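Visitor: Shown below is the structure under consideration.
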Amino acid sequence: MGDFLTSLLAFIVAISVLVAIHEYGHYIVGRWAGMKVLRFSVGFGKPIWTWVRGADKTEYCVSAIPLGGYVRFLDGREGPVAPEDEGRAFNHRPVSARIAVLLAGPLFNFLFAVVAYWLLSMDGVPALRPAIGEVTPDSYAAEAGLETGDQIIAVGDTETGDWQQALMAMFDNMVESGHIPMTLENRDGRQRRTVIRVGEDSARLTEPGLLFEGIGFNPGSPPVILGEPTENEAAARAGMRLGDRIVSVDGEPILGFTDLVDAVVGRPDERVRIGVVRDRRLEHFDVVLGTREVDGRTAGYLGVSALFDELGPVEAIPNAIRDTWSQTMFTVRMLGRMVTGDVSVKNISGPINIAQFAGDSAQRGMRYFLGFLAMISISLGVLNLLPVPVLDGGQIVYQTIEGLKGSPLSERAQIIGQQFGILALILLMSFAFYNDIARIFG
């Protein structure tokens, strides 16, 4: 019951925040373009709180159903316009202004994602480089020669600093050619290239949750890449430094920080030989471990921590823009490939699945929830730009046609378009609900 309430609350917060940002884009650009705003509502249905302000007496509302929102502009198509408001109705403004207002909603979703990624970059994230875990015998991965502990340096031409970059590049290469070219680095620091060949099985492997199982490996523990060692502690005294990757202790492989802790915690004041990859060369250091008290017992202490990717406010800007752009382009490519059948339509998620993801990310912490919001905000921006009449993209098409022909589309054409758009959305939502239910019941 607790997980259900967490998911429900996280879902409501996510939808309310992202839709409010989307509608604020329409609202603020509409005001800049000289349009009169009658109402700005967070939520649908009956208003439960209303604040009227400004010379236009705009109503700012919080409504009863917290699953969306809207902006209502003065519009001459809905009734007569008072003489004092002549020229301020939506349909009285130039076509370029109307298109700008319609574009502003999706644009603000993309801007939110940039801000979210900017905050995450400044906050600092552990440098969790993608690595190979257990490899299934007689699998595509085994045939390509992947080994447990390999670090994924690049997929195709894309350098992979984290799993998000690696997964997007794996999907792109697999769907495009049936091949996943990889650059790997083993525990000794030696790099090699290989290709995972899935051939015509690529479409099946795009189904949710099938990629790793189908290829034949599990994600491994992130390699132990060191931040700045603690001054005057064991690692620093032995000469270890920022960026070193620990791969062994006394000949025993170290695949993650859990392995490292297990290898040193029971050996206070002992001398150990630590294998380190530095500048793609394997080096060894003789280290006398320090000590510290843990739960009333003396434990071995190396004095190291994970490397964090942390950027300053200015440095984080291009990083945030790059992350938003790459995620946006990946979303567009996935949608296009669903249409062509190259990617499974089972990837379409409905509110149940989104709520589960929202709850999971919220339980993991604020930074994970913020990353989830950025991803959903990008998806919301892309979907609203689709040329479906009831969405912003469809309305932009209408306005563009009006600008080219000098007059609006006929009322009949607009009604037919709206009916088509509503039908398309109903079919999409029905399919998304079907996918959600199918995932629940396996």
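Following the order of the structure tokens, first chain is A, next is B, and so on, with residues numbered from 1 inside each chain and ligands from 1 in the order they appear.
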What's the 10 Å shell around Gly216 (chain A), counting only C-alpha atoms, without same-chain residues fewer than 6 positions away, as a list in words?

Guide: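 My reading of the contact set: Glu134, Val135, Thr136, Pro137, Asp138, Ser139, Tyr140, Ala141, Ala142, Glu143, Leu146 and Leu210 of chain A.
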
Visitor: How would the residues just chosen look if you wrote them out with N, CA and C atoms as a PDB file, in the first residue's frame?

Guide:
```pdb
ATOM      1  N   GLU A 134      28.183 -10.601 -15.450  1.00  0.00           N
ATOM      2  CA  GLU A 134      28.197 -12.015 -15.847  1.00  0.00           C
ATOM      3  C   GLU A 134      27.775 -12.165 -17.308  1.00  0.00           C
ATOM      4  N   VAL A 135      28.536 -12.960 -18.057  1.00  0.00           N
ATOM      5  CA  VAL A 135      28.261 -13.213 -19.470  1.00  0.00           C
ATOM      6  C   VAL A 135      27.655 -14.602 -19.620  1.00  0.00           C
ATOM      7  N   THR A 136      26.524 -14.698 -20.314  1.00  0.00           N
ATOM      8  CA  THR A 136      25.844 -15.973 -20.518  1.00  0.00           C
ATOM      9  C   THR A 136      26.558 -16.800 -21.589  1.00  0.00           C
ATOM     10  N   PRO A 137      26.878 -18.063 -21.297  1.00  0.00           N
ATOM     11  CA  PRO A 137      27.534 -18.908 -22.310  1.00  0.00           C
ATOM     12  C   PRO A 137      26.662 -19.057 -23.558  1.00  0.00           C
ATOM     13  N   ASP A 138      27.303 -19.200 -24.716  1.00  0.00           N
ATOM     14  CA  ASP A 138      26.625 -19.425 -25.997  1.00  0.00           C
ATOM     15  C   ASP A 138      25.642 -18.311 -26.352  1.00  0.00           C
ATOM     16  N   SER A 139      25.913 -17.095 -25.893  1.00  0.00           N
ATOM     17  CA  SER A 139      25.055 -15.943 -26.194  1.00  0.00           C
ATOM     18  C   SER A 139      25.747 -15.061 -27.232  1.00  0.00           C
ATOM     19  N   TYR A 140      25.019 -14.036 -27.697  1.00  0.00           N
ATOM     20  CA  TYR A 140      25.626 -13.065 -28.614  1.00  0.00           C
ATOM     21  C   TYR A 140      26.863 -12.428 -27.963  1.00  0.00           C
ATOM     22  N   ALA A 141      26.750 -12.107 -26.667  1.00  0.00           N
ATOM     23  CA  ALA A 141      27.870 -11.466 -25.971  1.00  0.00           C
ATOM     24  C   ALA A 141      29.071 -12.398 -25.874  1.00  0.00           C
ATOM     25  N   ALA A 142      28.804 -13.668 -25.573  1.00  0.00           N
ATOM     26  CA  ALA A 142      29.902 -14.639 -25.466  1.00  0.00           C
ATOM     27  C   ALA A 142      30.591 -14.826 -26.815  1.00  0.00           C
ATOM     28  N   GLU A 143      29.807 -14.867 -27.895  1.00  0.00           N
ATOM     29  CA  GLU A 143      30.381 -15.012 -29.228  1.00  0.00           C
ATOM     30  C   GLU A 143      31.269 -13.821 -29.583  1.00  0.00           C
ATOM     31  N   LEU A 146      32.962 -10.890 -25.011  1.00  0.00           N
ATOM     32  CA  LEU A 146      32.864 -10.050 -23.811  1.00  0.00           C
ATOM     33  C   LEU A 146      33.224 -10.863 -22.576  1.00  0.00           C
ATOM     34  N   LEU A 210      14.364  -6.727 -22.356  1.00  0.00           N
ATOM     35  CA  LEU A 210      14.956  -7.871 -23.060  1.00  0.00           C
ATOM     36  C   LEU A 210      16.387  -7.644 -23.529  1.00  0.00           C
TER      37      LEU A 210
END
```

Visitor: Could you give me, as a Markdown table, every region 190-301 of chain A residue with an atom at most 12 Å from region 326-336 of chain A, plus its closest atom pair and distance in Å to one decimal, counting only C-alpha atoms, rows ordered by chain then number?

Guide:
```
| residue | atom | partner | partner_atom | distance |
| --- | --- | --- | --- | --- |
| A:Ala203 | CA | A:Met334 | CA | 11.6 |
| A:Thr206 | CA | A:Met334 | CA | 9.8 |
| A:Glu207 | CA | A:Met334 | CA | 11.8 |
```

Visitor: So, counting only C-alpha atoms, which residue among A:Ile28, A:Leu38, A:Leu5, A:Val115 is closest to Ile378 (chain A)?

Guide: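 Smallest distance to Ile378 (chain A) is found for A:Val115.
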
Visitor: Using only C-alpha atoms, can you tell me which of A:Val62, A:Ile15, A:Leu255, A:Ala234 comes closest to Arg273 (chain A)?

Guide: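 Closest residue, counting only C-alpha atoms: A:Ala234.
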
Visitor: Using only C-alpha atoms, which protein or nucleic acid residues come within 10 Å of Arg190 (chain A)? Drop anything in the same chain fewer than 2 positions from it, and give the result as a VMD selection string.

Guide: chain A and resid 150 184 to 188 192 277 280 to 282

Visitor: Mind writing the picked residues with C-alpha atoms as a short mmCIF file (atom, residue, chain, number, x, y, z; two decimals), in the first residue's frame?

Guide:
```
data_model
loop_
_atom_site.label_atom_id
_atom_site.label_comp_id
_atom_site.auth_asym_id
_atom_site.auth_seq_id
_atom_site.Cartn_x
_atom_site.Cartn_y
_atom_site.Cartn_z
CA ASP A 150 35.38 -5.35 -19.11
CA LEU A 184 36.32 -2.44 -24.30
CA GLU A 185 39.07 -2.13 -21.70
CA ASN A 186 39.97 -5.21 -19.66
CA ARG A 187 41.29 -5.41 -16.11
CA ASP A 188 44.88 -4.99 -17.30
CA ARG A 192 40.17 -4.03 -27.84
CA VAL A 277 45.31 0.75 -14.23
CA ARG A 280 46.03 2.25 -19.80
CA ARG A 281 49.02 0.60 -18.08
CA LEU A 282 48.82 -1.92 -15.24
#
```

Visitor: Taking only C-alpha atoms into account, name the residue in A:Met174, A:Ala97, A:Leu311, A:Met366 that is nearest to Arg204 (chain A).

Guide: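 Residue with the minimum atom-to-atom distance to Arg204 (chain A): A:Met174.
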
Visitor: Restricting the calculation to only C-alpha atoms, which member of A:Gly145, A:Gly25, A:Pro223, A:Pro318 is positioned closest to Met182 (chain A)?

Guide: A:Gly145

Visitor: Restricting the calculation to only C-alpha atoms: of A:Ser349, A:Ser407, A:Asn319, A:Gln395, which residue gets closest to Ser430 (chain A)?

Guide: A:Ser349

Visitor: Counting only C-alpha atoms, what is within 8 Å of Phe108 (chain A), bar same-chain residues fewer than 2 positions away, as a list of chain:residue names?

Guide: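 Listing them by chain and then by number gives A:Ile21, A:His22, A:Tyr24, A:Gly25, A:Ala104, A:Gly105, A:Pro106, A:Phe110, A:Leu111, A:Phe112.
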
Visitor: Just want the 6 Å neighbourhood of Ile132 (chain A), counted on only C-alpha atoms, with same-chain residues fewer than 3 positions away dropped. Output as a PyMOL selection string.

Guide: chain A and resi 148-150+219-220

Visitor: Could the residues in this selection be written to a file with C-alpha atoms, as a PDB file, in the first residue's frame?

Guide:
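Final output, saved to part_12.pdb:
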```
ATOM      1  CA  THR A 148      33.218 -10.095 -16.859  1.00  0.00           C
ATOM      2  CA  GLY A 149      34.937  -6.926 -15.672  1.00  0.00           C
ATOM      3  CA  ASP A 150      35.378  -5.354 -19.109  1.00  0.00           C
ATOM      4  CA  PRO A 219      25.523  -4.841 -16.231  1.00  0.00           C
ATOM      5  CA  GLY A 220      28.489  -5.191 -13.921  1.00  0.00           C
TER       6      GLY A 220
END
```

Visitor: Please provide the set of residues having any atom within 10 Å of region 78-86 of chain A, restricted to only C-alpha atoms, with same-chain residues fewer than 6 positions apart removed, written as a list in words.

Guide: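 Returned residues: Met35, Lys36, Asp56, His92 and Arg93 of chain A.
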
Visitor: I need the chosen residues saved as a short mmCIF file (atom, residue, chain, number, x, y, z; two decimals), in the first residue's frame, with N, CA and C atoms.

Guide:
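Here's the written file again-v4.cif:
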```cif
data_model
loop_
_atom_site.label_atom_id
_atom_site.label_comp_id
_atom_site.auth_asym_id
_atom_site.auth_seq_id
_atom_site.Cartn_x
_atom_site.Cartn_y
_atom_site.Cartn_z
N MET A 35 -1.52 38.86 -26.44
CA MET A 35 -2.80 38.17 -26.33
C MET A 35 -3.37 38.33 -24.92
N LYS A 36 -4.68 38.33 -24.83
CA LYS A 36 -5.33 38.42 -23.53
C LYS A 36 -5.54 37.01 -22.98
N ASP A 56 -6.08 42.64 -16.96
CA ASP A 56 -6.95 41.76 -17.74
C ASP A 56 -7.85 40.88 -16.88
N HIS A 92 -6.80 36.80 -33.65
CA HIS A 92 -6.60 38.12 -34.24
C HIS A 92 -5.12 38.47 -34.37
N ARG A 93 -4.26 37.73 -33.69
CA ARG A 93 -2.83 38.04 -33.74
C ARG A 93 -2.21 37.44 -35.00
#
```

Visitor: So, counting only C-alpha atoms, which residue among A:Ala10, A:Ala238, A:Ala113, A:Val343 is closest to Trp325 (chain A)?

Guide: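 Looking at the shortest contact to Trp325 (chain A), the residue is A:Ala113.
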
Visitor: Write out as a list in words which residues come within 8 Å of Val249 (chain A) when counting only C-alpha atoms, dropping same-chain ones fewer than 3 positions away.

Guide: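 Non-adjacent residues within range: Glu252, Pro253, Ile254, Leu260, Ala263, Val272, Arg273, Ile274 and Gly275 of chain A.
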
Visitor: I need the residues in region 42-221 of chain A that are strand (DSSP E or B) according to DSSP; give them as JSON, numbers by chain.

Guide: {"A": [42, 43, 44, 45, 46, 47, 48, 49, 50, 51, 52, 53, 58, 59, 60, 61, 62, 63, 64, 65, 66, 67, 68, 69, 70, 71, 72, 73, 125, 126, 131, 132, 133, 134, 135, 151, 152, 153, 154, 155, 158, 159, 179, 180, 181, 182, 183, 184, 185, 191, 192, 193, 194, 195, 196, 197, 217, 218, 219]}

Visitor: In Å to one decimal, how far is CA of Ala306 (chain A) from CA of Asp244 (chain A)?

Guide: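 Between CA of Asp244 (chain A) and CA of Ala306 (chain A) the gap works out to 10.2 Å.
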